[in-house]
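Everything on this sheet refers to the single structure shown next.
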Amino acid sequence: MAEIHPTAIVAPGATIAASAVIGPFCLVGSAVTLGEGVRLISHVCVDGTTSIGEGTVVYPFASLGHRPQDLKYKGEPSSLVIGRNNQIREQVTMNPGTEGGGMITRVGDNGLFMVGAHVAHDCQVGDGVIFANNATLAGHVSVGDYVVLGGLSAVHQFVRVGRHVMVGGMTGVENDVIPYATVTGNRAHLSGLNLIGLKRRGYDREVIHALRNAYRLLFAPEGTMGERMEEVAEQFKGVAPVMEIVDFIRADSSRSICQPNLENAA
């Protein structure tokens with residue numbers, strides 16, 4: 001049977017796994033599901049149609065599944081789905097989806113969300129991410145696997161952030177960021193590839209070399225982006241990570257592709 005502190009309030013109808021732990025002064029709503037081994041340390045509020053996957057630990061004063069910060073939200077029964085083995089630190093906020101965004105906010109597995117991080121309505125967040133202190137997503141943002149958001153960074157609504165991206169601290173991301181890139185600046189610009197992240201994830205030298213050459217070609221000053229992209233697609237068609245970048249650029253999006261500074265374009 002779940003371990004529930006006597007000061008916690010768990011609404012009738014909540015689904016609580018037998019090995020879950022609900023600490024002092026937590027509030028758990030009637031449509032909440034807590035998986036095996038979930039721990040709410042203390043003073044955690046979980047409401048709405050929210051599910052938290054096994055092994056996830058939530059620290060004091062986190063707020064999960066409450067009404068989205070969207071004036072268009074009219075009370076539709078949307079949901080928040082949080083995956084397994086996440087670390088959700090103090091004062092983190094995550095909101096459910098809305099009718100205009102597919103009705104679901106989804107967070108993957110094995111993420112670390114540091115103090116004050118925010119995942120807004122209708123965001124889709126991948127596995128293995130790290131959100132440093134006060135990193136924030138606006139609504140409808142897509143974040144790929146193994147992305148790192150630096151402290152006090154912010155991502156504009158509807159932006160896509162590709163896999164293995166590193167976003168520098170205090171960076172405002174207004175445009176889509178290609179996979180494997182690093183972005184920095186008050187208003188984000190590409191500052192190269194996330195080489196440290198690539199090496200940590202075990203990418204071999206040949207793949208990293210191909211990514212570097214493809215990056216230089218994509219953002220060279222000659223020709224149009226479309227022309228350069230087709231050249232990259234032809235030259236590196238056998239290199240899956242490069243083709244991932246090409247497919248990312250080709251995909252439909254309401255945002256432009258983040259570009260390097262002019263001095264870094266070559």
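Chain identifiers are assigned as A, B, and so on, following the order in which chains appear in the structure tokens; residues are numbered from 1 within each chain, and ligands are numbered from 1 in order of appearance.
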
Got a sec to tell me which of segment 7-108 of chain A DSSP assigns to strand (DSSP E or B), as JSON, numbers by chain? {"A": [9, 10, 15, 16, 21, 22, 27, 28, 33, 34, 39, 40, 45, 46, 49, 50, 51, 52, 57, 58, 63, 64, 79, 80, 81, 82, 87, 88, 93, 94, 104, 105, 106, 107]}

Filtering to C-alpha atoms, could you give me those residues as a PDB file, in the first residue's frame?
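So the final result, stored in selection15.pdb, reads:
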```pdb
ATOM      1  CA  ILE A   9      -4.643  15.281   1.001  1.00  0.00           C
ATOM      2  CA  VAL A  10      -5.380  12.735  -1.716  1.00  0.00           C
ATOM      3  CA  THR A  15      -4.771   6.228  -8.774  1.00  0.00           C
ATOM      4  CA  ILE A  16      -1.771   5.694  -6.532  1.00  0.00           C
ATOM      5  CA  VAL A  21       5.282   7.829  -1.455  1.00  0.00           C
ATOM      6  CA  ILE A  22       3.319  11.026  -0.794  1.00  0.00           C
ATOM      7  CA  LEU A  27      -2.216  17.762  -2.536  1.00  0.00           C
ATOM      8  CA  VAL A  28      -3.188  15.146  -5.132  1.00  0.00           C
ATOM      9  CA  THR A  33      -2.151   8.810 -11.541  1.00  0.00           C
ATOM     10  CA  LEU A  34       1.134   8.157  -9.704  1.00  0.00           C
ATOM     11  CA  ARG A  39       7.900  10.139  -4.596  1.00  0.00           C
ATOM     12  CA  LEU A  40       6.330  13.488  -3.751  1.00  0.00           C
ATOM     13  CA  CYS A  45       0.506  20.003  -5.727  1.00  0.00           C
ATOM     14  CA  VAL A  46      -0.597  17.673  -8.535  1.00  0.00           C
ATOM     15  CA  THR A  49      -5.639  14.689 -15.568  1.00  0.00           C
ATOM     16  CA  THR A  50      -1.980  14.175 -14.767  1.00  0.00           C
ATOM     17  CA  SER A  51       0.044  10.987 -14.809  1.00  0.00           C
ATOM     18  CA  ILE A  52       3.558  10.656 -13.388  1.00  0.00           C
ATOM     19  CA  VAL A  57      10.775  12.205  -7.756  1.00  0.00           C
ATOM     20  CA  VAL A  58       9.069  15.564  -7.222  1.00  0.00           C
ATOM     21  CA  SER A  63       2.975  22.514  -9.239  1.00  0.00           C
ATOM     22  CA  LEU A  64       1.965  19.932 -11.852  1.00  0.00           C
ATOM     23  CA  SER A  79      -3.852  16.181 -19.791  1.00  0.00           C
ATOM     24  CA  LEU A  80      -0.244  16.243 -18.623  1.00  0.00           C
ATOM     25  CA  VAL A  81       1.807  13.071 -19.062  1.00  0.00           C
ATOM     26  CA  ILE A  82       5.172  12.894 -17.268  1.00  0.00           C
ATOM     27  CA  GLN A  87      13.898  14.568 -11.170  1.00  0.00           C
ATOM     28  CA  ILE A  88      11.509  17.512 -10.778  1.00  0.00           C
ATOM     29  CA  THR A  93       5.640  24.114 -12.967  1.00  0.00           C
ATOM     30  CA  MET A  94       4.178  21.968 -15.749  1.00  0.00           C
ATOM     31  CA  ILE A 104      -1.776  17.008 -24.138  1.00  0.00           C
ATOM     32  CA  THR A 105       1.523  18.170 -22.692  1.00  0.00           C
ATOM     33  CA  ARG A 106       4.065  15.362 -22.679  1.00  0.00           C
ATOM     34  CA  VAL A 107       7.383  15.061 -20.820  1.00  0.00           C
TER      35      VAL A 107
END
```

Using DSSP on the backbone, list every residue of segment 104-204 of chain A that comes out as alpha helix (DSSP H), and give them as a list in words.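 Taking segment 104-204 of chain A and keeping alpha helix (DSSP H) only, one gets Leu195, Ile196, Gly197, Leu198, Lys199 and Arg200 of chain A.
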
Distance query Val115 of chain A at most 7 Å, only C-alpha atoms, self and fewer than 3 positions along chain excluded, as a list in words: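 The contact residues come out as Arg89, Glu90, Gln91, Val92, Asn133 and Asn134 of chain A.
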
Interatomic distance between atom CA of Leu193 of chain A and atom CA of Met166 of chain A? 8.6 Å
